[in-house]
Structure formats: structure tokens, C-alpha cells
$ cat target.pdb   # PDB, C-alpha atoms
ATOM      1  CA  MET A  49     -97.493  -5.552-169.858
ATOM      2  CA  ASP A  50     -94.884  -3.523-171.702
ATOM      3  CA  PHE A  51     -96.689  -0.588-173.286
ATOM      4  CA  LEU A  52     -94.337   0.070-176.206
ATOM      5  CA  ALA A  53     -93.922  -3.618-176.970
ATOM      6  CA  THR A  54     -97.701  -4.015-177.089
ATOM      7  CA  LEU A  55     -98.000  -1.133-179.558
ATOM      8  CA  GLN A  56     -95.622  -2.993-181.830
ATOM      9  CA  GLU A  57     -98.110  -5.848-181.999
ATOM     10  CA  ARG A  58    -101.628  -4.416-181.908
ATOM     11  CA  VAL A  59    -103.941  -1.458-181.380
ATOM     12  CA  VAL A  60    -104.370  -0.197-177.823
ATOM     13  CA  VAL A  61    -107.632   1.560-176.967
ATOM     14  CA  ALA A  62    -107.351   4.651-174.779
ATOM     15  CA  ASP A  63    -110.152   6.431-172.958
ATOM     16  CA  GLY A  64    -112.057   9.520-174.041
ATOM     17  CA  ALA A  65    -112.664  13.028-172.758
ATOM     18  CA  MET A  66    -112.182  13.853-169.101
ATOM     19  CA  GLY A  67    -113.142  17.541-168.889
ATOM     20  CA  THR A  68    -116.291  17.564-170.992
ATOM     21  CA  PHE A  69    -117.441  14.305-169.402
ATOM     22  CA  LEU A  70    -116.899  15.691-165.895
ATOM     23  CA  PHE A  71    -119.012  18.715-166.825
ATOM     24  CA  SER A  72    -121.753  16.400-168.087
ATOM     25  CA  GLN A  73    -121.651  14.641-164.717
ATOM     26  CA  GLY A  74    -122.270  17.826-162.783
ATOM     27  CA  ALA A  75    -118.885  19.504-162.323
ATOM     28  CA  PRO A  76    -119.561  23.274-162.232
ATOM     29  CA  ARG A  77    -118.368  25.452-165.084
ATOM     30  CA  GLY A  78    -115.318  27.461-164.100
ATOM     31  CA  THR A  79    -114.137  24.949-161.537
ATOM     32  CA  CYS A  80    -110.568  23.658-161.516
ATOM     33  CA  LEU A  81    -111.159  20.166-162.839
ATOM     34  CA  GLU A  82    -107.808  18.876-161.641
ATOM     35  CA  GLU A  83    -108.619  19.909-158.049
ATOM     36  CA  LEU A  84    -111.537  17.470-158.164
ATOM     37  CA  ASN A  85    -108.916  14.759-157.627
ATOM     38  CA  LEU A  86    -108.925  15.992-154.022
ATOM     39  CA  SER A  87    -112.411  17.327-153.364
ATOM     40  CA  ARG A  88    -114.515  14.954-155.492
ATOM     41  CA  ALA A  89    -112.307  11.917-155.851
ATOM     42  CA  VAL A  90    -115.254   9.531-156.121
ATOM     43  CA  LEU A  91    -116.579  11.371-159.183
ATOM     44  CA  VAL A  92    -113.198  11.284-160.922
ATOM     45  CA  GLU A  93    -112.756   7.594-160.186
ATOM     46  CA  GLN A  94    -116.250   6.918-161.534
ATOM     47  CA  VAL A  95    -115.301   8.560-164.831
ATOM     48  CA  HIS A  96    -112.207   6.387-165.070
ATOM     49  CA  ALA A  97    -114.244   3.299-164.225
ATOM     50  CA  ALA A  98    -116.822   4.114-166.911
ATOM     51  CA  TYR A  99    -114.110   4.243-169.560
ATOM     52  CA  ARG A 100    -112.524   1.047-168.291
ATOM     53  CA  ALA A 101    -115.904  -0.701-168.448
ATOM     54  CA  ALA A 102    -116.312   0.568-172.023
ATOM     55  CA  GLY A 103    -113.119  -1.225-173.056
ATOM     56  CA  ALA A 104    -110.348   1.335-172.574
ATOM     57  CA  GLU A 105    -106.972  -0.245-171.873
ATOM     58  CA  LEU A 106    -105.254   3.048-171.105
ATOM     59  CA  LEU A 107    -106.644   5.566-168.618
ATOM     60  CA  GLN A 108    -105.383   9.150-168.624
ATOM     61  CA  THR A 109    -105.072  10.921-165.298
ATOM     62  CA  ASN A 110    -107.193  13.982-164.544
ATOM     63  CA  THR A 111    -104.079  16.162-164.533
ATOM     64  CA  PHE A 112    -104.156  17.934-167.896
ATOM     65  CA  GLY A 113    -103.663  21.381-166.334
ATOM     66  CA  ALA A 114    -102.116  20.279-163.029
ATOM     67  CA  ASN A 115     -98.993  22.404-163.353
ATOM     68  CA  ALA A 116     -98.026  25.373-161.197
ATOM     69  CA  THR A 117     -98.705  27.867-163.972
ATOM     70  CA  ARG A 118    -102.331  26.849-164.535
ATOM     71  CA  LEU A 119    -103.089  25.968-160.929
ATOM     72  CA  ALA A 120    -101.962  29.450-159.841
ATOM     73  CA  ALA A 121    -105.113  30.868-161.445
ATOM     74  CA  HIS A 122    -107.055  28.995-158.739
ATOM     75  CA  GLY A 123    -104.611  29.646-155.893
ATOM     76  CA  LEU A 124    -103.464  26.019-155.993
ATOM     77  CA  GLU A 125     -99.882  26.341-157.185
ATOM     78  CA  THR A 126     -98.555  24.741-153.984
ATOM     79  CA  LYS A 127    -100.611  21.588-154.569
ATOM     80  CA  VAL A 128     -98.965  20.382-157.789
ATOM     81  CA  ALA A 129     -97.543  17.193-156.299
ATOM     82  CA  GLU A 130    -100.669  16.419-154.259
ATOM     83  CA  ILE A 131    -103.064  16.815-157.194
ATOM     84  CA  ASN A 132    -100.922  14.818-159.619
ATOM     85  CA  ARG A 133    -100.322  12.005-157.151
ATOM     86  CA  ALA A 134    -104.048  11.799-156.473
ATOM     87  CA  GLY A 135    -104.688  11.723-160.229
ATOM     88  CA  VAL A 136    -102.488   8.660-160.651
ATOM     89  CA  ARG A 137    -104.014   6.952-157.637
ATOM     90  CA  LEU A 138    -107.597   7.430-158.870
ATOM     91  CA  ALA A 139    -106.833   6.194-162.370
ATOM     92  CA  ARG A 140    -104.941   3.196-160.981
ATOM     93  CA  ALA A 141    -107.866   2.256-158.758
ATOM     94  CA  ALA A 142    -110.104   1.998-161.826
ATOM     95  CA  THR A 143    -107.769  -0.183-163.888
ATOM     96  CA  GLY A 144    -108.571  -3.414-162.110
ATOM     97  CA  GLY A 145    -104.883  -4.173-162.421
ATOM     98  CA  SER A 146    -105.167  -4.698-166.176
ATOM     99  CA  ALA A 147    -104.785  -1.296-167.833
ATOM    100  CA  TRP A 148    -102.079   1.317-168.216
ATOM    101  CA  VAL A 149    -102.169   4.675-166.438
ATOM    102  CA  ALA A 150    -100.972   7.592-168.552
ATOM    103  CA  GLY A 151     -99.936  10.761-166.753
ATOM    104  CA  SER A 152    -101.695  13.516-168.698
ATOM    105  CA  VAL A 153     -99.722  16.732-169.240
ATOM    106  CA  GLY A 154    -101.162  19.645-171.192
ATOM    107  CA  PRO A 155     -99.666  22.973-172.309
ATOM    108  CA  LEU A 156     -99.137  25.824-169.886
ATOM    109  CA  GLY A 157    -100.923  28.460-171.910
ATOM    110  CA  PRO A 158     -99.844  31.698-173.646
ATOM    111  CA  GLY A 159     -96.830  33.570-172.358
ATOM    112  CA  ALA A 160     -95.524  30.849-170.050
ATOM    113  CA  THR A 161     -92.463  29.731-172.010
ATOM    114  CA  ARG A 162     -89.846  31.332-169.723
ATOM    115  CA  LEU A 163     -90.561  28.952-166.858
ATOM    116  CA  ALA A 164     -91.992  26.163-168.985
ATOM    117  CA  ARG A 165     -89.358  23.520-168.421
ATOM    118  CA  GLU A 166     -89.356  23.857-164.644
ATOM    119  CA  SER A 167     -93.149  23.812-164.501
ATOM    120  CA  PHE A 168     -93.321  20.684-166.646
ATOM    121  CA  ARG A 169     -90.500  19.070-164.684
ATOM    122  CA  GLU A 170     -92.352  19.505-161.379
ATOM    123  CA  GLN A 171     -95.575  18.000-162.707
ATOM    124  CA  ILE A 172     -94.020  15.101-164.593
ATOM    125  CA  ALA A 173     -91.801  14.159-161.646
ATOM    126  CA  ALA A 174     -94.904  13.937-159.450
ATOM    127  CA  LEU A 175     -96.726  11.751-161.985
ATOM    128  CA  ALA A 176     -93.738   9.448-162.382
ATOM    129  CA  ASP A 177     -93.123   9.184-158.640
ATOM    130  CA  ALA A 178     -96.787   8.292-158.113
ATOM    131  CA  GLY A 179     -96.468   5.311-160.435
ATOM    132  CA  ALA A 180     -97.732   6.385-163.860
ATOM    133  CA  ASP A 181     -96.863   3.836-166.549
ATOM    134  CA  LEU A 182     -96.191   6.477-169.202
ATOM    135  CA  ILE A 183     -96.388  10.225-169.754
ATOM    136  CA  LEU A 184     -98.888  11.545-172.295
ATOM    137  CA  LEU A 185     -98.190  15.072-173.521
ATOM    138  CA  GLU A 186    -101.381  16.239-175.209
ATOM    139  CA  THR A 187    -103.091  19.103-177.032
ATOM    140  CA  PHE A 188     -99.907  21.037-177.783
ATOM    141  CA  ARG A 189    -100.175  23.698-180.490
ATOM    142  CA  ASP A 190     -96.851  25.439-179.885
ATOM    143  CA  LEU A 191     -94.024  23.190-181.077
ATOM    144  CA  ARG A 192     -91.442  24.954-178.910
ATOM    145  CA  GLU A 193     -93.516  24.370-175.800
ATOM    146  CA  LEU A 194     -93.818  20.686-176.637
ATOM    147  CA  GLY A 195     -90.044  20.593-176.942
ATOM    148  CA  GLU A 196     -89.754  22.022-173.425
ATOM    149  CA  ALA A 197     -92.166  19.389-172.123
ATOM    150  CA  LEU A 198     -90.262  16.538-173.773
ATOM    151  CA  GLY A 199     -86.968  17.863-172.429
ATOM    152  CA  ALA A 200     -88.435  18.156-168.948
ATOM    153  CA  ALA A 201     -89.808  14.615-169.079
ATOM    154  CA  ARG A 202     -86.501  13.133-170.166
ATOM    155  CA  SER A 203     -84.739  14.949-167.326
ATOM    156  CA  VAL A 204     -86.889  13.443-164.558
ATOM    157  CA  CYS A 205     -88.010   9.993-165.719
ATOM    158  CA  ASP A 206     -87.403   7.192-168.187
ATOM    159  CA  LEU A 207     -91.064   6.366-168.831
ATOM    160  CA  PRO A 208     -92.423   6.009-172.366
ATOM    161  CA  LEU A 209     -93.409   9.401-173.796
ATOM    162  CA  VAL A 210     -96.445   9.909-176.007
ATOM    163  CA  ALA A 211     -96.362  13.313-177.713
ATOM    164  CA  GLN A 212     -99.650  14.532-179.183
ATOM    165  CA  VAL A 213    -100.226  17.832-180.934
ATOM    166  CA  SER A 214    -103.530  19.525-181.712
ATOM    167  CA  PRO A 215    -103.387  20.799-185.307
ATOM    168  CA  ASN A 216    -105.853  23.080-187.055
ATOM    169  CA  GLU A 217    -108.072  22.045-189.965
ATOM    170  CA  ASN A 218    -105.074  22.277-192.311
ATOM    171  CA  GLY A 219    -102.933  20.059-190.110
ATOM    172  CA  HIS A 220    -100.736  22.959-188.983
ATOM    173  CA  LEU A 221     -99.501  24.032-185.560
ATOM    174  CA  LEU A 222     -98.842  27.635-184.534
ATOM    175  CA  ASN A 223     -96.725  29.582-187.033
ATOM    176  CA  ARG A 224     -98.159  27.379-189.809
ATOM    177  CA  ILE A 225     -95.809  24.484-189.069
ATOM    178  CA  PRO A 226     -96.987  21.491-191.150
ATOM    179  CA  PRO A 227     -96.913  17.811-190.146
ATOM    180  CA  GLU A 228     -93.922  17.162-192.382
ATOM    181  CA  GLU A 229     -91.920  19.556-190.205
ATOM    182  CA  PHE A 230     -93.267  19.097-186.682
ATOM    183  CA  ALA A 231     -93.333  15.290-186.831
ATOM    184  CA  ARG A 232     -89.643  15.095-187.713
ATOM    185  CA  GLN A 233     -88.734  17.508-184.929
ATOM    186  CA  ILE A 234     -90.714  15.591-182.307
ATOM    187  CA  VAL A 235     -88.869  12.408-183.299
ATOM    188  CA  VAL A 236     -85.542  14.210-182.868
ATOM    189  CA  TRP A 237     -86.624  15.323-179.392
ATOM    190  CA  GLY A 238     -87.068  11.729-178.320
ATOM    191  CA  ALA A 239     -90.778  10.914-178.219
ATOM    192  CA  ASP A 240     -91.635   7.213-178.216
ATOM    193  CA  VAL A 241     -95.117   7.621-179.724
ATOM    194  CA  LEU A 242     -96.245  10.416-182.023
ATOM    195  CA  GLY A 243     -99.793  11.553-182.629
ATOM    196  CA  CYS A 244    -102.630  14.062-182.636
ATOM    197  CA  ASN A 245    -105.528  14.745-180.323
ATOM    198  CA  CYS A 246    -108.478  17.102-180.043
ATOM    199  CA  GLY A 247    -108.496  19.345-183.154
ATOM    200  CA  PRO A 248    -111.370  19.788-185.607
ATOM    201  CA  GLY A 249    -112.738  16.253-185.239
ATOM    202  CA  PRO A 250    -111.954  12.715-186.342
ATOM    203  CA  LYS A 251    -111.758  13.331-190.093
ATOM    204  CA  GLY A 252    -109.397  16.277-189.727
ATOM    205  CA  ILE A 253    -107.179  14.432-187.279
ATOM    206  CA  ALA A 254    -107.188  11.366-189.523
ATOM    207  CA  ALA A 255    -105.941  13.409-192.475
ATOM    208  CA  THR A 256    -103.073  14.860-190.438
ATOM    209  CA  VAL A 257    -102.058  11.532-188.918
ATOM    210  CA  ARG A 258    -101.901   9.978-192.373
ATOM    211  CA  ARG A 259     -99.476  12.711-193.442
ATOM    212  CA  MET A 260     -97.368  11.937-190.378
ATOM    213  CA  ALA A 261     -97.387   8.211-191.059
ATOM    214  CA  ALA A 262     -95.035   8.505-194.022
ATOM    215  CA  LEU A 263     -92.353  10.328-192.033
ATOM    216  CA  GLY A 264     -90.897   7.750-189.679
ATOM    217  CA  ASP A 265     -91.104   4.531-187.749
ATOM    218  CA  LEU A 266     -92.634   5.608-184.434
ATOM    219  CA  PRO A 267     -95.987   4.160-183.378
ATOM    220  CA  LEU A 268     -98.807   6.595-184.119
ATOM    221  CA  ALA A 269    -101.609   7.798-181.850
ATOM    222  CA  ALA A 270    -104.942   9.448-182.622
ATOM    223  CA  GLN A 271    -107.409  10.803-180.058
ATOM    224  CA  PRO A 272    -109.783  13.122-181.905
ATOM    225  CA  SER A 273    -112.581  15.200-180.461
ATOM    226  CA  ALA A 274    -116.175  14.376-181.363
ATOM    227  CA  GLY A 275    -116.209  17.326-183.761
ATOM    228  CA  LEU A 276    -116.497  21.047-183.088
ATOM    229  CA  PRO A 277    -118.986  21.884-180.328
ATOM    230  CA  VAL A 278    -122.370  23.404-181.119
ATOM    231  CA  GLU A 279    -123.664  26.021-178.695
ATOM    232  CA  GLY A 280    -127.294  26.093-177.628
ATOM    233  CA  ASP A 281    -129.430  26.833-174.596
ATOM    234  CA  GLY A 282    -128.031  23.868-172.696
ATOM    235  CA  PRO A 283    -124.638  22.167-172.551
ATOM    236  CA  LEU A 284    -122.341  22.162-175.566
ATOM    237  CA  ARG A 285    -123.245  19.473-178.071
ATOM    238  CA  TYR A 286    -120.668  17.567-180.109
ATOM    239  CA  PRO A 287    -121.912  16.386-183.510
ATOM    240  CA  CYS A 288    -120.010  13.141-184.031
ATOM    241  CA  SER A 289    -121.958  10.084-182.883
ATOM    242  CA  PRO A 290    -120.199   7.055-181.392
ATOM    243  CA  GLU A 291    -120.843   5.094-184.605
ATOM    244  CA  GLU A 292    -119.425   7.817-186.858
ATOM    245  CA  PHE A 293    -116.454   8.245-184.556
ATOM    246  CA  ALA A 294    -115.686   4.540-184.531
ATOM    247  CA  ALA A 295    -115.870   4.313-188.321
ATOM    248  CA  VAL A 296    -113.211   7.002-188.776
ATOM    249  CA  VAL A 297    -110.819   5.704-186.158
ATOM    250  CA  LEU A 298    -111.240   2.171-187.465
ATOM    251  CA  SER A 299    -109.890   3.401-190.785
ATOM    252  CA  LEU A 300    -106.878   4.717-188.872
ATOM    253  CA  ALA A 301    -106.295   1.300-187.341
ATOM    254  CA  HIS A 302    -106.207  -0.135-190.856
ATOM    255  CA  SER A 303    -103.634   2.559-191.693
ATOM    256  CA  GLY A 304    -101.345   1.453-188.870
ATOM    257  CA  VAL A 305    -102.293   3.734-185.968
ATOM    258  CA  ARG A 306    -101.679   1.810-182.747
ATOM    259  CA  LEU A 307    -103.080   4.023-179.955
ATOM    260  CA  ILE A 308    -106.675   5.144-180.452
ATOM    261  CA  GLY A 309    -108.946   7.063-178.101
ATOM    262  CA  GLY A 310    -111.015  10.208-177.857
ATOM    263  CA  CYS A 311    -110.834  13.815-176.723
ATOM    264  CA  CYS A 312    -113.375  16.611-176.158
ATOM    265  CA  GLY A 313    -116.993  15.540-176.460
ATOM    266  CA  THR A 314    -116.291  11.819-176.527
ATOM    267  CA  THR A 315    -117.863   9.602-173.876
ATOM    268  CA  PRO A 316    -117.694   5.975-172.771
ATOM    269  CA  ASP A 317    -120.204   5.280-175.570
ATOM    270  CA  HIS A 318    -117.653   6.469-178.148
ATOM    271  CA  ILE A 319    -114.949   4.272-176.635
ATOM    272  CA  ARG A 320    -117.341   1.320-176.452
ATOM    273  CA  ALA A 321    -118.068   1.766-180.170
ATOM    274  CA  VAL A 322    -114.349   1.879-180.941
ATOM    275  CA  ARG A 323    -113.726  -1.241-178.865
ATOM    276  CA  GLY A 324    -116.535  -3.065-180.619
ATOM    277  CA  ALA A 325    -115.333  -2.049-184.070
ATOM    278  CA  LEU A 326    -111.801  -3.210-183.327
ATOM    279  CA  ASP A 327    -112.973  -6.471-181.812
ATOM    280  CA  ALA A 328    -114.954  -7.172-184.982
ATOM    281  CA  ILE A 329    -111.815  -7.200-187.114
ATOM    282  CA  SER A 330    -108.578  -9.073-186.740
ATOM    283  CA  GLN A 331    -106.008  -6.946-184.951
ATOM    284  CA  PRO A 332    -102.852  -6.062-186.915
ATOM    285  CA  SER A 333    -100.266  -8.740-186.267
ATOM    286  CA  THR A 334     -97.353  -7.487-188.390
ATOM    287  CA  PRO A 335     -94.830  -5.687-186.167
ATOM    288  CA  LEU A 336     -93.976  -2.082-186.914
ATOM    289  CA  ARG A 337     -90.726  -1.308-188.648
ATOM    290  CA  THR A 338     -87.888  -1.007-186.172
ATOM    291  CA  GLY A 339     -87.345   2.623-185.275
ATOM    292  CA  THR A 340     -86.457   4.753-182.299
ATOM    293  CA  ALA A 341     -89.242   3.363-180.140
ATOM    294  CA  SER A 342     -88.232   0.470-177.926
TER     295      SER A 342
END

$ encode --input "target.pdb" --output "C-alpha cells"
Amino acid sequence: MDFLATLQERVVVADGAMGTFLFSQGAPRGTCLEELNLSRAVLVEQVHAAYRAAGAELLQTNTFGANATRLAAHGLETKVAEINRAGVRLARAATGGSAWVAGSVGPLGPGATRLARESFREQIAALADAGADLILLETFRDLRELGEALGAARSVCDLPLVAQVSPNENGHLLNRIPPEEFARQIVVWGADVLGCNCGPGPKGIAATVRRMAALGDLPLAAQPSAGLPVEGDGPLRYPCSPEEFAAVVLSLAHSGVRLIGGCCGTTPDHIRAVRGALDAISQPSTPLRTGTAS
């Protein structure tokens, strides 16, 4: 299946949170979640399989922070290729041969811009070499850093690139850059799909994505969190129920968003609710306007 061609025709359902779901399944706080691809591979594959069983057609690798900069905090900077390759392999094993594997790439963190491109290049090359179907850049708040990631990706592979930012409640990135500005710049940098993930929750993300929708022809993506977490005596709780989550993202499907999934706090139940809501309506059949995506 051609990923970008499919987005031209209908909505694709992605999976939900990896990190918060791994914690709920017993991963210790403070652990390097990406290293679990090596030490607890069965657990990671089970998470992927749960999302696939819930109806996800796109599984994101457990490699969000699997770059040398972040892995160095755990003494794992020499295992970039090994961890990313394992991430692709585990996600692929759960697809049943009928879902896409997206190589997940997150930001490096504060103060890492000097070596950003090389760090991104190393990770993305490993994901591409391992057989990822596309690269998903996610949760970026610094527009310049996202530009480095897109440049790195284009230098090492020709896979489809999904670029997702994580705006604040006003829809802005760092330095108060609004959607009307950052969306245009991301298009110029060569993303194939443009969207938002994480953020303040589904309603906030929906408002920002709608502002982005008027700015160009690229397919749009939305993967909101299940709201802002609530602290208590036990694990963090996320306020947005699967039914509430599905209702908001369904409205985005009606608005033309073509890649829909979840982020922090979402579970296979959220994705199952999204899948059910989409299956209950007729999928959009009018192709998107011809733009830079192909």
C-alpha cells in the first residue's frame, strides 16, 4: 500500500501513546523506554499488537528519543543503530503484514542544536535501513530544530515525511510562532504530511489543525494527547475518555484530516473508539487538492 496515495483517498488511523502506555504496563519510572526494545522486546511488541488489534493501521516505533543526544543520558549513545533497528523490527512483527511502520523521531532537547542535524541523520538512517515505511517527526516545539530534522531526513532517505509539532494552548510554538507561520515554513522544508500531536488535548489540537488547514494542500495529521495529566497518589490520570476523544477527532476527519491517532495518555481503547467512529461513517472519497505531496 502506498501511504501517501492512501491519504489522498481516506483517513488512516494511527496508534496511540507508547511511553505512558508502557508505564501503565509496568515499565519503571526513569527507565530509558527506547532501550526496552532490547531488554524487554516482548513487552514492546505487545503494546504494538494491542494497538493493531484496536484498529490502528500505522504503528509508530518505540524510538522517540533513540538519538545519540538523549541516549547519552543513559550511557547508550553507542547503541543508536541497534535500538532503532530493533524498534522497526518489533513494530513490523505486530503489523500482520497489513499496516505501515512509522519511524518515530522526537526532538533532542534544549541546547542540542549545534549537533542536531548529525544526531537526527544517524537515527533516521538507522530507521530507514531497518525498513520503516515512513518517518514521523513528532512533538517538536522549536521550529528550527524541526527544520534540522527534516533536512537530515531528506539527506539520508526518500521515505514519506510526516512533520508534527506540539503547540501550546494558543496554537503557538516556541518564540510565539503561530500556525500561519510555522505551517508555511514546514511546507517549504519539504514535509509530505503536516500536523500536530500531544499538546493540551484534543480540542486544543483540533483548533490549531483547523487554522493550518487553510494554508496549503498537504494532507493533515492530528494525534492529540488525552488531555493534560492529573496528578494523584497513583499513576498520572488523563481526563479525556475514549468516547470524548473519538468525538473530537471524528470532527477533524469531517474537516479533512487524513491521519488520526493519539499521544500521551491515549490507550488502545481510545484508538478502538476512533476506529469505531470512523467505521460508522462513510470515509471521505474526494481526493485532496493536488499539492506538494505525492

$ residues_around --input "target.pdb" --residues "Val149 (chain A)" --least-positions-apart "5" --cutoff "8 Å" --atoms "all atoms listed in the file" --output "ChimeraX atom specification"
/A:106-109,136,139-140,143,180-182

$ closest_residue --input "target.pdb" --among "A:Val213, A:Ala101, A:Val278, A:Ala301" --to "Ser146 (chain A)" --atoms "all atoms listed in the file"
A:Ala101

$ atom_distance --input "target.pdb" --atom1 "CA of Met49 (chain A)" --atom2 "CA of Gly144 (chain A)"
13.7 Å

$ atom_distance --input "target.pdb" --atom1 "CA of Gln73 (chain A)" --atom2 "CA of Cys288 (chain A)"
19.4 Å

$ closest_residue --input "target.pdb" --among "A:Ala328, A:Leu185, A:Leu191, A:Leu70" --to "Arg88 (chain A)" --atoms "all atoms listed in the file"
A:Leu70

$ resolve_selection --input "target.pdb" --expression "the PyMOL selection byres ((chain A and resi 220-224) around 12)" --output "PyMOL selection string"
chain A and resi 158+187-194+212-219+225-231+244+247-248+252-253+255-257+259-260

$ closest_residue --input "target.pdb" --among "A:Gly324, A:Pro76, A:Pro208, A:Pro290" --to "Gly238 (chain A)" --atoms "all atoms listed in the file"
A:Pro208

$ closest_residue --input "target.pdb" --among "A:Leu184, A:Ala121, A:Gly275, A:Phe293" --to "Gly78 (chain A)" --atoms "all atoms listed in the file"
A:Ala121

$ resolve_selection --input "target.pdb" --expression "the PyMOL selection byres ((chain A and resi 310) around 9)" --output "CSV table (one decimal) with C-alpha atoms, in the coordinates of the input"
chain,number,residue,atom,x,y,z
A,62,ALA,CA,-107.4,4.7,-174.8
A,63,ASP,CA,-110.2,6.4,-173.0
A,64,GLY,CA,-112.1,9.5,-174.0
A,65,ALA,CA,-112.7,13.0,-172.8
A,245,ASN,CA,-105.5,14.7,-180.3
A,246,CYS,CA,-108.5,17.1,-180.0
A,250,PRO,CA,-112.0,12.7,-186.3
A,270,ALA,CA,-104.9,9.4,-182.6
A,271,GLN,CA,-107.4,10.8,-180.1
A,272,PRO,CA,-109.8,13.1,-181.9
A,273,SER,CA,-112.6,15.2,-180.5
A,274,ALA,CA,-116.2,14.4,-181.4
A,293,PHE,CA,-116.5,8.2,-184.6
A,308,ILE,CA,-106.7,5.1,-180.5
A,309,GLY,CA,-108.9,7.1,-178.1
A,311,CYS,CA,-110.8,13.8,-176.7
A,312,CYS,CA,-113.4,16.6,-176.2
A,313,GLY,CA,-117.0,15.5,-176.5
A,314,THR,CA,-116.3,11.8,-176.5
A,315,THR,CA,-117.9,9.6,-173.9
A,318,HIS,CA,-117.7,6.5,-178.1
A,319,ILE,CA,-114.9,4.3,-176.6

$ resolve_selection --input "target.pdb" --expression "the PyMOL selection byres ((chain A and resi 204-206) around 8)" --output "ChimeraX atom specification"
/A:169,172-173,176,200-203,207-208

$ atom_distance --input "target.pdb" --atom1 "CA of Ala129 (chain A)" --atom2 "CA of Ala150 (chain A)"
15.9 Å

$ closest_residue --input "target.pdb" --among "A:Val61, A:Ala104, A:Ala321, A:Ala53" --to "Ser289 (chain A)" --atoms "all atoms listed in the file"
A:Ala321

$ residues_near_point --input "target.pdb" --point "(-100.8, 19.4, -171.9)" --cutoff "7 Å" --atoms "all atoms listed in the file" --output "list in words"
Phe112, Gly113, Ser152, Val153, Gly154, Pro155, Leu156, Leu185, Glu186, Thr187 and Phe188 of chain A

$ closest_residue --input "target.pdb" --among "A:Val296, A:Leu276, A:Ala102, A:Arg285" --to "Ser72 (chain A)" --atoms "all atoms listed in the file"
A:Arg285

$ build_atoms --input "target.pdb" --residues "region 211-225 of chain A" --atoms "N, CA and C atoms" --output "compact mmCIF listing (two decimals), in the coordinates of the input"
# COMPACT_ATOMS: atom_id res chain seq x y z
N ALA A 211 -96.29 11.88 -177.41
CA ALA A 211 -96.36 13.31 -177.71
C ALA A 211 -97.47 13.56 -178.73
N GLN A 212 -98.51 14.27 -178.31
CA GLN A 212 -99.65 14.53 -179.18
C GLN A 212 -99.85 16.03 -179.37
N VAL A 213 -99.96 16.44 -180.61
CA VAL A 213 -100.23 17.83 -180.93
C VAL A 213 -101.69 17.99 -181.33
N SER A 214 -102.15 19.23 -181.33
CA SER A 214 -103.53 19.52 -181.71
C SER A 214 -103.51 20.49 -182.89
N PRO A 215 -103.51 19.95 -184.12
CA PRO A 215 -103.39 20.80 -185.31
C PRO A 215 -104.71 21.45 -185.68
N ASN A 216 -104.63 22.46 -186.55
CA ASN A 216 -105.85 23.08 -187.06
C ASN A 216 -106.40 22.27 -188.22
N GLU A 217 -107.42 22.80 -188.89
CA GLU A 217 -108.07 22.04 -189.96
C GLU A 217 -107.15 21.77 -191.14
N ASN A 218 -106.05 22.52 -191.25
CA ASN A 218 -105.07 22.28 -192.31
C ASN A 218 -103.93 21.36 -191.86
N GLY A 219 -103.99 20.92 -190.63
CA GLY A 219 -102.93 20.06 -190.11
C GLY A 219 -101.75 20.82 -189.56
N HIS A 220 -101.87 22.13 -189.40
CA HIS A 220 -100.74 22.96 -188.98
C HIS A 220 -100.79 23.28 -187.50
N LEU A 221 -99.61 23.48 -186.90
CA LEU A 221 -99.50 24.03 -185.56
C LEU A 221 -99.33 25.54 -185.66
N LEU A 222 -99.09 26.20 -184.51
CA LEU A 222 -98.84 27.64 -184.53
C LEU A 222 -97.69 27.96 -185.48
N ASN A 223 -97.73 29.13 -186.06
CA ASN A 223 -96.72 29.58 -187.03
C ASN A 223 -96.75 28.75 -188.31
N ARG A 224 -97.91 28.12 -188.56
CA ARG A 224 -98.16 27.38 -189.81
C ARG A 224 -97.15 26.26 -190.03
N ILE A 225 -96.76 25.60 -188.96
CA ILE A 225 -95.81 24.48 -189.07
C ILE A 225 -96.57 23.24 -189.49
